[in-house]
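Shown next: structure-v3.txt, given as compact mmCIF, C-alpha atoms.
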```txt
# COMPACT_ATOMS: atom_id res chain seq x y z
CA MET A 682 21.49 33.12 -9.52
CA THR A 683 20.05 31.26 -6.60
CA THR A 684 16.44 31.66 -5.67
CA ALA A 685 14.77 30.81 -2.42
CA GLY A 686 11.53 29.97 -4.15
CA GLY A 687 10.38 26.85 -5.93
CA LEU A 688 7.28 26.01 -7.87
CA TRP A 689 5.11 23.12 -6.74
CA LEU A 690 3.45 21.57 -9.76
CA HIS A 691 -0.14 20.64 -9.06
CA ALA A 692 -1.42 19.56 -12.45
CA VAL A 693 -1.46 20.14 -16.19
CA MET A 694 -4.62 21.10 -18.08
CA ARG A 695 -5.55 22.31 -21.52
CA ASP A 696 -6.96 25.77 -21.16
CA PRO A 697 -8.50 26.67 -17.85
CA ASP A 698 -10.10 30.06 -17.42
CA PRO A 699 -7.42 31.93 -15.42
CA ALA A 700 -10.10 33.84 -13.55
CA ARG A 701 -11.24 30.56 -11.99
CA LEU A 702 -7.81 30.09 -10.42
CA THR A 703 -8.00 33.34 -8.51
CA GLY A 704 -8.34 32.86 -4.82
CA LEU A 705 -7.36 29.18 -4.89
CA THR A 706 -4.35 28.23 -2.82
CA GLY A 707 -2.09 25.24 -3.15
CA VAL A 708 0.45 23.34 -1.09
CA GLY A 709 2.21 25.67 1.31
CA GLY A 710 -0.59 28.19 1.12
CA GLY A 711 0.65 29.98 -1.98
CA ALA A 712 -1.69 31.26 -4.67
CA LEU A 713 -2.23 29.07 -7.70
CA ARG A 714 -0.77 30.39 -10.92
CA ALA A 715 -0.92 29.27 -14.54
CA ILE A 716 2.09 28.78 -16.80
CA ALA A 717 1.15 28.22 -20.42
CA ALA A 718 3.17 26.67 -23.23
CA ALA A 719 2.67 24.30 -26.15
CA GLY A 720 -1.09 24.54 -25.88
CA LEU A 721 -1.05 23.29 -22.31
CA THR A 722 -1.30 24.98 -18.94
CA ALA A 723 0.65 23.99 -15.86
CA VAL A 724 -0.94 24.97 -12.57
CA VAL A 725 1.71 25.76 -9.96
CA CYS A 726 2.04 27.49 -6.64
CA PRO A 727 5.11 29.04 -5.03
CA VAL A 728 6.84 27.12 -2.24
CA ASP A 729 9.74 27.92 0.03
CA LEU A 730 12.81 25.83 -0.75
CA ALA A 731 13.71 25.88 2.92
CA GLU A 732 10.86 23.43 3.31
CA PHE A 733 10.52 22.01 -0.22
CA GLY A 734 14.09 21.90 -1.53
CA ALA A 735 15.80 18.57 -2.12
CA GLU A 736 17.41 18.24 1.30
CA PRO A 737 14.55 19.51 3.48
CA LEU A 738 12.18 17.44 1.37
CA ARG A 739 14.01 14.23 2.22
CA GLY A 740 13.54 15.04 5.88
CA ASN A 741 9.93 16.10 5.53
CA LEU A 742 9.04 12.97 3.63
CA GLU A 743 10.06 11.06 6.74
CA ASP A 744 7.29 12.78 8.67
CA ILE A 745 3.99 11.06 8.07
CA GLY A 746 2.08 14.08 9.37
CA TRP A 747 3.78 16.34 6.86
CA VAL A 748 3.22 13.86 4.04
CA GLU A 749 -0.45 13.51 4.89
CA ALA A 750 -1.11 17.25 5.04
CA VAL A 751 0.68 17.85 1.75
CA ALA A 752 -0.89 14.88 -0.01
CA ARG A 753 -4.42 15.85 0.98
CA THR A 754 -3.92 19.46 -0.11
CA HIS A 755 -2.40 18.30 -3.39
CA HIS A 756 -5.37 16.04 -3.97
CA HIS A 757 -7.91 18.69 -2.98
CA VAL A 758 -6.46 21.13 -5.49
CA ALA A 759 -6.50 18.49 -8.24
CA VAL A 760 -10.17 17.83 -7.53
CA GLU A 761 -10.96 21.57 -7.63
CA LEU A 762 -9.13 21.89 -10.94
CA SER A 763 -11.01 18.92 -12.39
CA GLN A 764 -14.15 21.03 -12.24
CA LEU A 765 -12.58 23.29 -14.86
CA GLY A 766 -11.78 20.48 -17.29
CA PRO A 767 -9.70 17.33 -17.76
CA VAL A 768 -6.65 17.26 -15.52
CA VAL A 769 -3.38 15.34 -15.44
CA PRO A 770 -2.25 15.66 -11.82
CA ALA A 771 1.40 15.82 -10.88
CA ARG A 772 3.19 13.24 -8.78
CA LEU A 773 3.48 14.30 -5.18
CA ALA A 774 6.37 16.74 -4.63
CA THR A 775 7.19 17.59 -8.23
CA ILE A 776 9.03 20.86 -7.81
CA TYR A 777 10.62 23.17 -10.36
CA LEU A 778 13.02 26.00 -9.78
CA SER A 779 11.81 28.34 -12.50
CA ASP A 780 9.03 29.12 -14.94
CA GLU A 781 11.38 28.11 -17.75
CA SER A 782 11.72 24.60 -16.34
CA VAL A 783 7.97 24.27 -16.25
CA VAL A 784 7.74 25.48 -19.84
CA GLY A 785 10.32 22.84 -20.66
CA LEU A 786 8.11 20.15 -19.12
CA LEU A 787 5.18 21.26 -21.23
CA THR A 788 7.05 21.55 -24.52
CA ARG A 789 9.03 18.31 -24.17
CA GLY A 790 6.11 16.35 -22.80
CA ARG A 791 3.37 17.82 -24.94
CA THR A 792 2.51 14.71 -26.93
CA GLY A 793 2.37 12.43 -23.93
CA ILE A 794 0.47 14.89 -21.77
CA ASP A 795 -2.00 15.60 -24.53
CA ALA A 796 -2.65 11.90 -24.98
CA ALA A 797 -3.07 11.55 -21.22
CA LEU A 798 -5.62 14.38 -21.11
CA THR A 799 -7.62 12.73 -23.87
CA ARG A 800 -7.38 9.37 -22.13
CA VAL A 801 -8.81 10.64 -18.85
CA SER A 802 -11.31 13.10 -20.22
CA GLY A 803 -14.77 12.25 -18.87
CA ARG A 804 -13.41 9.28 -16.98
CA ILE A 805 -12.87 8.30 -13.38
CA GLU A 806 -10.85 5.68 -11.60
CA TRP A 807 -12.11 3.03 -9.20
CA GLY A 808 -9.81 1.20 -6.81
CA VAL A 809 -10.45 -2.44 -6.00
CA LYS A 810 -8.57 -4.18 -3.24
CA ALA A 811 -8.96 -7.80 -2.21
CA TYR A 812 -7.77 -9.65 0.87
CA THR A 813 -7.58 -13.31 1.77
CA SER A 814 -10.73 -13.97 3.79
CA SER A 815 -10.00 -14.10 7.50
CA ALA A 816 -9.78 -17.76 8.38
CA PRO A 817 -11.94 -18.97 11.24
CA ARG A 818 -9.84 -19.50 14.34
CA PRO A 819 -8.84 -23.14 14.71
CA THR A 820 -10.60 -24.77 17.65
CA PRO A 821 -8.25 -24.72 20.63
CA ALA A 822 -6.64 -28.03 21.45
CA VAL A 823 -8.66 -30.02 23.94
CA ALA A 824 -6.25 -31.07 26.67
CA GLY A 825 -6.60 -34.77 26.60
CA SER A 826 -4.56 -37.75 27.45
CA GLY A 827 -4.46 -41.39 26.69
CA PRO A 828 -3.44 -43.21 23.56
CA GLY A 829 -4.12 -41.48 20.30
CA THR A 830 -4.10 -37.95 21.74
CA GLY A 831 -0.76 -37.17 20.15
CA ALA A 832 -1.80 -38.58 16.80
CA ASP A 833 -4.99 -36.51 16.91
CA TYR A 834 -2.96 -33.40 17.59
CA LEU A 835 -0.78 -34.08 14.58
CA ARG A 836 -3.81 -34.64 12.38
CA ARG A 837 -5.28 -31.32 13.48
CA LYS A 838 -2.00 -29.53 12.82
CA ARG A 839 -1.59 -31.04 9.40
CA ALA A 840 -5.14 -30.07 8.49
CA ALA A 841 -4.61 -26.50 9.71
CA LEU A 842 -1.41 -26.08 7.70
CA SER A 843 -2.87 -27.34 4.45
CA ALA A 844 -6.04 -25.32 4.98
CA ARG A 845 -3.95 -22.20 5.30
CA SER A 846 -1.97 -22.77 2.13
CA GLU A 847 -5.10 -23.74 0.23
CA ALA A 848 -6.76 -20.52 1.35
CA ALA A 849 -3.83 -18.47 0.08
CA THR A 850 -3.82 -20.22 -3.28
CA ALA A 851 -7.57 -19.90 -3.67
CA ALA A 852 -7.44 -16.21 -2.77
CA ALA A 853 -4.74 -15.50 -5.35
CA ALA A 854 -6.74 -17.31 -8.02
CA CYS A 855 -9.92 -15.37 -7.19
CA ALA A 856 -8.01 -12.10 -7.24
CA GLU A 857 -6.64 -12.89 -10.67
CA GLU A 858 -10.09 -13.80 -11.97
CA LEU A 859 -11.67 -10.68 -10.49
CA HIS A 860 -8.99 -8.45 -11.99
CA ARG A 861 -9.42 -9.98 -15.44
CA ALA A 862 -13.19 -9.62 -15.30
CA LEU A 863 -12.95 -5.97 -14.28
CA ALA A 864 -10.20 -5.22 -16.80
CA GLU A 865 -12.58 -6.51 -19.45
CA VAL A 866 -15.27 -3.95 -18.67
CA ALA A 867 -12.94 -1.03 -17.89
CA GLU A 868 -11.28 1.27 -20.43
CA ALA A 869 -7.92 0.50 -18.82
CA SER A 870 -6.61 -1.23 -15.74
CA ARG A 871 -3.51 -1.35 -13.63
CA ARG A 872 -2.29 -3.39 -10.67
CA HIS A 873 -0.37 -1.62 -7.95
CA PRO A 874 2.15 -3.32 -5.64
CA PRO A 875 0.78 -4.47 -2.29
CA GLN A 876 0.44 -1.68 0.25
CA SER A 877 2.75 -1.00 3.14
CA ARG A 878 1.96 -2.73 6.42
CA GLY A 879 2.84 0.43 8.27
CA LEU A 880 -0.12 2.18 6.69
CA ASN A 881 -2.52 -0.67 6.22
CA PRO A 882 -2.60 -3.31 8.94
CA ARG A 883 -4.32 -5.73 6.58
CA ALA A 884 -1.62 -5.44 3.94
CA ALA A 885 -0.14 -8.85 4.69
CA SER A 886 -3.23 -10.58 3.29
CA MET A 887 -3.73 -8.28 0.30
CA VAL A 888 -4.00 -10.20 -2.96
CA LEU A 889 -5.22 -7.44 -5.27
CA ASN A 890 -4.59 -3.70 -5.41
CA GLY A 891 -6.06 -2.66 -8.73
CA SER A 892 -7.15 0.54 -10.45
CA TYR A 893 -9.72 0.68 -13.23
CA LEU A 894 -10.44 3.54 -15.63
CA VAL A 895 -14.13 3.91 -16.39
CA ASP A 896 -16.36 6.39 -18.20
CA ALA A 897 -17.83 8.68 -15.57
CA ALA A 898 -21.32 7.98 -16.84
CA ARG A 899 -20.81 4.25 -16.27
CA GLY A 900 -19.13 4.67 -12.88
CA ASP A 901 -22.05 3.43 -10.80
CA ARG A 902 -22.57 0.43 -13.05
CA PHE A 903 -18.92 -0.52 -12.54
CA ALA A 904 -19.28 -0.29 -8.77
CA GLU A 905 -22.31 -2.58 -8.97
CA THR A 906 -20.35 -5.01 -11.11
CA VAL A 907 -17.62 -5.15 -8.48
CA ALA A 908 -20.17 -5.92 -5.77
CA GLU A 909 -21.81 -8.62 -7.90
CA LEU A 910 -18.53 -10.33 -8.74
CA ALA A 911 -17.21 -10.01 -5.19
CA SER A 912 -20.21 -11.83 -3.77
CA GLY A 913 -19.25 -14.86 -5.83
CA TYR A 914 -15.78 -15.24 -4.32
CA GLY A 915 -15.71 -16.83 -0.89
CA ALA A 916 -11.93 -16.89 -0.68
CA ILE A 917 -11.50 -13.11 -0.76
CA GLU A 918 -12.91 -9.97 0.81
CA VAL A 919 -13.24 -7.14 -1.68
CA GLU A 920 -13.05 -3.44 -0.94
CA LEU A 921 -13.96 -0.67 -3.37
CA THR A 922 -12.43 2.82 -3.15
CA GLY A 923 -13.20 5.90 -5.19
CA PRO A 924 -14.18 7.37 -7.45
CA TRP A 925 -10.74 8.82 -7.91
CA LEU A 926 -9.22 11.26 -10.33
CA PRO A 927 -7.49 8.94 -12.81
CA TYR A 928 -4.10 9.22 -11.07
CA SER A 929 -3.08 5.71 -12.02
CA PHE A 930 -3.57 6.37 -15.72
CA ALA A 931 -2.23 9.86 -16.19
CA ILE A 932 0.31 11.55 -14.00
CA VAL A 933 3.17 13.97 -14.69
CA PRO A 934 6.01 14.18 -15.16
CA VAL A 935 6.88 11.28 -17.38
CA GLU A 936 10.33 9.77 -16.96
CA GLU A 937 11.67 11.07 -20.28
CA THR A 938 11.34 14.70 -19.31
CA ARG A 939 13.64 14.28 -16.35
CA ASP A 940 16.78 15.38 -18.11
CA GLY A 941 17.56 18.43 -16.00
CA MET B 1164 -18.88 13.81 -10.57
CA ALA B 1165 -16.56 16.38 -9.06
CA ASP B 1166 -18.88 16.51 -6.07
CA SER B 1167 -18.47 12.83 -5.37
CA LEU B 1168 -14.71 13.18 -5.79
CA ALA B 1169 -14.61 15.94 -3.22
CA LEU B 1170 -16.82 14.31 -0.61
CA THR B 1171 -15.59 10.72 -0.59
CA PRO B 1172 -13.48 10.10 2.52
CA ILE B 1173 -10.05 8.97 1.43
CA ALA B 1174 -7.65 6.71 3.25
CA LEU B 1175 -4.13 8.10 3.21
CA VAL B 1176 -2.64 4.79 2.10
CA ASP B 1177 -4.88 4.68 -0.99
CA LEU B 1178 -4.06 8.30 -1.86
CA LEU B 1179 -0.32 7.74 -1.51
CA ASP B 1180 -0.52 4.65 -3.73
CA ARG B 1181 -1.66 7.00 -6.46
CA VAL B 1182 0.18 10.29 -5.98
CA LEU B 1183 3.56 8.76 -5.16
CA ALA B 1184 3.43 6.67 -8.33
CA THR B 1185 7.06 5.71 -8.88
CA GLY B 1186 8.62 8.44 -6.83
CA VAL B 1187 9.33 12.11 -6.64
CA VAL B 1188 11.02 14.43 -9.10
CA ILE B 1189 12.67 17.78 -8.60
CA SER B 1190 14.28 19.47 -11.56
CA GLY B 1191 15.44 22.86 -12.68
CA GLU B 1192 18.69 24.67 -13.22
CA ILE B 1193 20.30 22.40 -10.66
CA VAL B 1194 19.76 18.79 -11.50
CA LEU B 1195 18.11 17.53 -8.38
CA SER B 1196 16.34 14.59 -9.87
CA ILE B 1197 16.17 11.91 -7.26
CA ALA B 1198 16.33 8.24 -8.09
CA ASP B 1199 12.91 6.70 -7.69
CA VAL B 1200 14.16 4.06 -5.32
CA ASP B 1201 15.93 6.51 -2.99
CA LEU B 1202 12.95 8.73 -2.56
CA VAL B 1203 10.40 6.05 -2.13
CA TYR B 1204 12.73 4.43 0.34
CA VAL B 1205 12.66 7.62 2.31
CA SER B 1206 8.93 7.93 2.23
CA LEU B 1207 8.26 4.32 3.03
CA ARG B 1208 10.60 4.45 5.97
CA ALA B 1209 8.57 7.33 7.29
CA LEU B 1210 5.37 5.46 6.83
CA LEU B 1211 6.62 2.28 8.43
CA SER B 1212 8.47 3.88 11.30
CA SER B 1213 5.42 5.91 12.24
CA VAL B 1214 4.09 2.70 13.76
CA SER B 1215 6.20 2.45 16.88
CA SER B 1216 7.35 -1.04 17.68
CA VAL B 1217 10.49 -3.07 18.27
CA ARG B 1218 10.11 -4.73 14.91
CA ALA B 1219 13.01 -4.59 12.49
CA VAL B 1220 12.14 -2.65 9.37
CA THR B 1221 13.89 -2.84 6.04
CA PRO B 1222 13.19 -0.59 3.08
CA GLN B 1223 10.97 -1.94 0.37
CA PRO B 1224 11.95 -1.23 -3.25
CA PHE B 1225 8.95 0.09 -5.09
CA ALA B 1226 8.43 -1.28 -8.55
CA PRO B 1227 4.92 -0.94 -9.90
CA GLN B 1228 4.17 -3.58 -12.50
CA PRO B 1229 1.37 -2.47 -14.76
CA ILE B 1230 -0.23 -5.49 -16.32
CA ASP B 1231 -2.10 -3.35 -18.78
CA PRO B 1232 0.22 -0.47 -19.67
CA VAL B 1233 -1.68 2.45 -21.12
CA GLY B 1234 1.05 4.25 -22.97
CA PRO B 1235 3.06 7.23 -21.70
CA ALA B 1236 1.81 8.01 -18.23
CA MET C 365 3.46 -21.16 36.44
CA THR C 366 -0.16 -20.95 37.47
CA GLY C 367 -2.40 -18.46 35.73
CA ARG C 368 -1.57 -14.95 34.74
CA VAL C 369 1.11 -13.10 36.67
CA GLU C 370 1.09 -9.34 36.79
CA VAL C 371 4.32 -8.15 35.27
CA ASP C 372 5.79 -4.76 34.73
CA ARG C 373 4.08 -3.55 31.55
CA ASP C 374 6.91 -1.21 30.66
CA GLY C 375 7.12 -1.07 26.89
CA VAL C 376 10.77 -1.98 26.75
CA GLU C 377 10.39 -5.19 28.71
CA LYS C 378 7.30 -6.21 26.79
CA GLY C 379 9.05 -5.41 23.53
CA LEU C 380 12.02 -7.56 24.48
CA ALA C 381 9.78 -10.40 25.58
CA SER C 382 7.84 -10.31 22.35
CA LEU C 383 11.09 -10.42 20.38
CA VAL C 384 12.44 -13.38 22.32
CA LEU C 385 9.17 -15.27 22.26
CA THR C 386 8.82 -14.63 18.52
CA ILE C 387 12.07 -16.49 17.96
CA VAL C 388 11.00 -19.30 20.28
CA GLU C 389 7.68 -19.51 18.45
CA LEU C 390 9.52 -19.65 15.11
CA LEU C 391 11.53 -22.62 16.35
CA ARG C 392 8.43 -24.31 17.69
CA GLN C 393 6.63 -23.98 14.35
CA LEU C 394 9.67 -25.22 12.46
CA MET C 395 9.85 -28.23 14.74
CA GLU C 396 6.20 -28.97 14.18
CA ARG C 397 6.63 -28.93 10.41
CA GLN C 398 9.73 -31.11 10.69
CA ALA C 399 7.86 -33.56 12.87
CA LEU C 400 4.94 -33.76 10.46
CA ARG C 401 7.32 -34.48 7.59
CA ARG C 402 9.03 -37.19 9.66
CA VAL C 403 5.72 -38.81 10.50
CA ASP C 404 4.68 -38.64 6.85
CA GLN C 405 7.63 -40.81 5.93
CA GLY C 406 5.45 -43.62 7.30
CA ASP C 407 8.06 -45.78 9.04
CA LEU C 408 7.24 -44.93 12.65
CA THR C 409 5.18 -47.03 15.04
CA ASP C 410 1.82 -45.74 16.23
CA GLU C 411 3.31 -45.27 19.66
CA GLN C 412 6.17 -43.19 18.30
CA VAL C 413 3.79 -40.99 16.30
CA ASP C 414 1.63 -40.51 19.37
CA ARG C 415 4.62 -39.56 21.50
CA ILE C 416 5.75 -36.97 18.94
CA GLY C 417 2.24 -35.54 18.95
CA THR C 418 1.94 -35.26 22.72
CA THR C 419 5.38 -33.67 22.95
CA LEU C 420 4.42 -31.03 20.42
CA MET C 421 1.12 -30.51 22.20
CA ALA C 422 2.94 -29.88 25.46
CA LEU C 423 5.26 -27.45 23.70
CA GLU C 424 2.34 -25.51 22.31
CA GLU C 425 0.76 -25.35 25.72
CA GLN C 426 4.02 -24.11 27.27
CA MET C 427 4.26 -21.48 24.59
CA ASN C 428 0.74 -20.23 25.26
CA ARG C 429 1.43 -19.95 28.98
CA LEU C 430 4.67 -18.09 28.39
CA ARG C 431 2.89 -15.75 26.03
CA GLU C 432 0.08 -15.06 28.46
CA HIS C 433 2.56 -14.54 31.26
CA PHE C 434 3.84 -11.51 29.37
CA GLY C 435 0.40 -10.35 28.35
CA LEU C 436 1.06 -10.95 24.67
CA SER C 437 -1.46 -11.97 22.05
CA PRO C 438 -0.56 -14.39 19.25
CA GLU C 439 -0.45 -11.38 16.89
CA ASP C 440 2.20 -9.74 19.08
CA LEU C 441 4.65 -12.52 18.25
CA ASN C 442 5.86 -11.57 14.85
CA LEU C 443 8.58 -9.63 13.07
CA ASP C 444 8.14 -7.39 10.07
CA LEU C 445 10.90 -8.14 7.58
CA GLY C 446 9.83 -5.52 5.01
CA PRO C 447 10.00 -6.99 1.52
CA LEU C 448 10.29 -10.50 2.95
CA GLY C 449 6.97 -10.20 4.69
CA THR C 450 6.51 -11.29 8.27
CA LEU C 451 8.69 -13.83 9.99
CA LEU C 452 5.78 -16.02 11.02
CA PRO C 453 2.56 -16.69 9.14
CA PRO C 454 -0.32 -14.52 10.33
CA ALA C 455 -1.72 -15.72 13.64
```

Can I see the file as structure tokens?
Amino acid sequence: MTTAGGLWLHAVMRDPDPARLTGLTGVGGGALRAIAAAGLTAVVCPVDLAEFGAEPLRGNLEDIGWVEAVARTHHHVAVELSQLGPVVPARLATIYLSDESVVGLLTRGRTGIDAALTRVSGRIEWGVKAYTSSAPRPTPAVAGSGPGTGADYLRRKRAALSARSEAATAAAACAEELHRALAEVAEASRRHPPQSRGLNPRAASMVLNGSYLVDAARGDRFAETVAELASGYGAIEVELTGPWLPYSFAIVPVEETRDG
Amino acid sequence: MADSLALTPIALVDLLDRVLATGVVISGEIVLSIADVDLVYVSLRALLSSVSSVRAVTPQPFAPQPIDPVGPA
Amino acid sequence: MTGRVEVDRDGVEKGLASLVLTIVELLRQLMERQALRRVDQGDLTDEQVDRIGTTLMALEEQMNRLREHFGLSPEDLNLDLGPLGTLLPPA
């Protein structure tokens, strides 16, 4: 039996009060609904497969406007749900074709999801990015003439080249040190790949894209620590983002449940 | 805490880092699970091609390397 | 060429110019690195070293004028090669 409807998975929780879900809408404007199994609750909303099925999805994911609208709604719902208790959000565009499939996710993944909920309970995530410091512009060549001008030019060029590679090496070393120091004081840490230049013009000089899991009560202290450490590194510019829901440390589904 | 989560302005690139994770999954009666690389290829092409230019763009395989794995995620 | 010349700012022409000049700039930078390595070998006379330097200097100047002629900034001369990064180091 084919169905024109899919279920967009927003997040998995333990036991939210169903009354609190009333009136909340998810991606695509559908009403949030709870599907319970194995002591867990999946929060879903109905979506039209004409827009969210495999083929249309491929096309829609090529549209940055579509991706942005959907991602922000997905995130907004996860934040709303986090007010009702610990949440493991779903990866963007995790779509099921039936309630039974969702139940399957919960029963097969129960141990992992349960551990994830415990891991993120009462915790937040901070993002720390670092970039190679913008180098001062080399002084423009003074148009000169006479003996020695050429040799001077070569000296300047050689100096500029080695300065650039030294800056890159120093930045990488600082990034590594910063990450280790933060990993030490965080409950958990994770480094993401460098970001896409299409979305972040500064991506080419990014040397750190890290996420750090921290007790919510110690969140501000962590942010201060980042600022303190960052001020000691001349070779990098550090940027703090967050606090985030702990996406980088707990997200569903896990690979093993993807057995169709 | 939820208040600060809701009010902090969020850059799309930072949000996508987190919610895309290693890709996108669709499952159900019909096995529609999409290889991580294919889907992220699709989404990254969208993100890169949204910046109009004459520059050549090639897809970037997406392989997060957690240095401190935290168990089943 | 004296000073800036107003050219048709049509995107296509500017895009083509930036592509062509990017390649020229790549060659220029490669030549500079080659030249520095050659000089570092240490067996050239002072006069030879100086001549290499002034030639490269003239090349750089030419490049800047060409670039300005098309209204391009140093950052405009680059190619995004995806996973390989950019063709040229950041300006």

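The space between CA of Val725 in chain A and CA of Gly704 in chain A spans 13.3 Å.
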
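If you count only C-alpha atoms and ignore residues fewer than 4 places along the chain from Arg839 in chain A, what sits within 8 Å of it is Leu835 and Ser843 of chain A; Leu400 of chain C.
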
Please, which residues of chain C lie no more than 12 Å from chain A when the count uses only C-alpha atoms, and can they be set out as a tab-separated table (two decimals) with C-alpha atoms, keeping the file's coordinate frame?
```tsv
chain	number	residue	atom	x	y	z
C	393	GLN	CA	6.63	-23.98	14.35
C	396	GLU	CA	6.20	-28.97	14.18
C	397	ARG	CA	6.63	-28.93	10.41
C	398	GLN	CA	9.73	-31.11	10.69
C	399	ALA	CA	7.86	-33.56	12.87
C	400	LEU	CA	4.94	-33.76	10.46
C	401	ARG	CA	7.32	-34.48	7.59
C	402	ARG	CA	9.03	-37.19	9.66
C	403	VAL	CA	5.72	-38.81	10.50
C	404	ASP	CA	4.68	-38.64	6.85
C	408	LEU	CA	7.24	-44.93	12.65
C	409	THR	CA	5.18	-47.03	15.04
C	410	ASP	CA	1.82	-45.74	16.23
C	411	GLU	CA	3.31	-45.27	19.66
C	412	GLN	CA	6.17	-43.19	18.30
C	413	VAL	CA	3.79	-40.99	16.30
C	414	ASP	CA	1.63	-40.51	19.37
C	415	ARG	CA	4.62	-39.56	21.50
C	416	ILE	CA	5.75	-36.97	18.94
C	417	GLY	CA	2.24	-35.54	18.95
C	418	THR	CA	1.94	-35.26	22.72
C	419	THR	CA	5.38	-33.67	22.95
C	420	LEU	CA	4.42	-31.03	20.42
C	421	MET	CA	1.12	-30.51	22.20
C	422	ALA	CA	2.94	-29.88	25.46
C	423	LEU	CA	5.26	-27.45	23.70
C	424	GLU	CA	2.34	-25.51	22.31
C	425	GLU	CA	0.76	-25.35	25.72
C	428	ASN	CA	0.74	-20.23	25.26
C	438	PRO	CA	-0.56	-14.39	19.25
C	439	GLU	CA	-0.45	-11.38	16.89
C	443	LEU	CA	8.58	-9.63	13.07
C	444	ASP	CA	8.14	-7.39	10.07
C	445	LEU	CA	10.90	-8.14	7.58
C	446	GLY	CA	9.83	-5.52	5.01
C	447	PRO	CA	10.00	-6.99	1.52
C	448	LEU	CA	10.29	-10.50	2.95
C	449	GLY	CA	6.97	-10.20	4.69
C	450	THR	CA	6.51	-11.29	8.27
C	451	LEU	CA	8.69	-13.83	9.99
C	452	LEU	CA	5.78	-16.02	11.02
C	453	PRO	CA	2.56	-16.69	9.14
C	454	PRO	CA	-0.32	-14.52	10.33
C	455	ALA	CA	-1.72	-15.72	13.64
```

Compute the chain A side of the contact with chain B at 6 Å, counting all atoms listed in the file, and hand it back as a PDB file with C-alpha atoms, in the coordinates of the input.
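What landed in result_37.pdb:
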```
ATOM      1  CA  LEU A 742       9.040  12.970   3.630  1.00  0.00           C
ATOM      2  CA  GLU A 743      10.060  11.060   6.740  1.00  0.00           C
ATOM      3  CA  ASP A 744       7.290  12.780   8.670  1.00  0.00           C
ATOM      4  CA  ILE A 745       3.990  11.060   8.070  1.00  0.00           C
ATOM      5  CA  ARG A 772       3.190  13.240  -8.780  1.00  0.00           C
ATOM      6  CA  LEU A 773       3.480  14.300  -5.180  1.00  0.00           C
ATOM      7  CA  ALA A 774       6.370  16.740  -4.630  1.00  0.00           C
ATOM      8  CA  THR A 775       7.190  17.590  -8.230  1.00  0.00           C
ATOM      9  CA  ILE A 776       9.030  20.860  -7.810  1.00  0.00           C
ATOM     10  CA  TYR A 777      10.620  23.170 -10.360  1.00  0.00           C
ATOM     11  CA  LEU A 778      13.020  26.000  -9.780  1.00  0.00           C
ATOM     12  CA  SER A 782      11.720  24.600 -16.340  1.00  0.00           C
ATOM     13  CA  GLY A 793       2.370  12.430 -23.930  1.00  0.00           C
ATOM     14  CA  SER A 870      -6.610  -1.230 -15.740  1.00  0.00           C
ATOM     15  CA  ARG A 871      -3.510  -1.350 -13.630  1.00  0.00           C
ATOM     16  CA  ARG A 872      -2.290  -3.390 -10.670  1.00  0.00           C
ATOM     17  CA  HIS A 873      -0.370  -1.620  -7.950  1.00  0.00           C
ATOM     18  CA  PRO A 874       2.150  -3.320  -5.640  1.00  0.00           C
ATOM     19  CA  GLY A 879       2.840   0.430   8.270  1.00  0.00           C
ATOM     20  CA  LEU A 880      -0.120   2.180   6.690  1.00  0.00           C
ATOM     21  CA  TYR A 928      -4.100   9.220 -11.070  1.00  0.00           C
ATOM     22  CA  SER A 929      -3.080   5.710 -12.020  1.00  0.00           C
ATOM     23  CA  ALA A 931      -2.230   9.860 -16.190  1.00  0.00           C
ATOM     24  CA  ILE A 932       0.310  11.550 -14.000  1.00  0.00           C
ATOM     25  CA  GLY A 941      17.560  18.430 -16.000  1.00  0.00           C
TER      26      GLY A 941
END
```

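CA of Ala840 in chain A is found 23.9 Å from CA of Ile387 in chain C.
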
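The two atoms in question, CA of Gly915 in chain A and CA of Ala848 in chain A, are spaced 9.9 Å apart.
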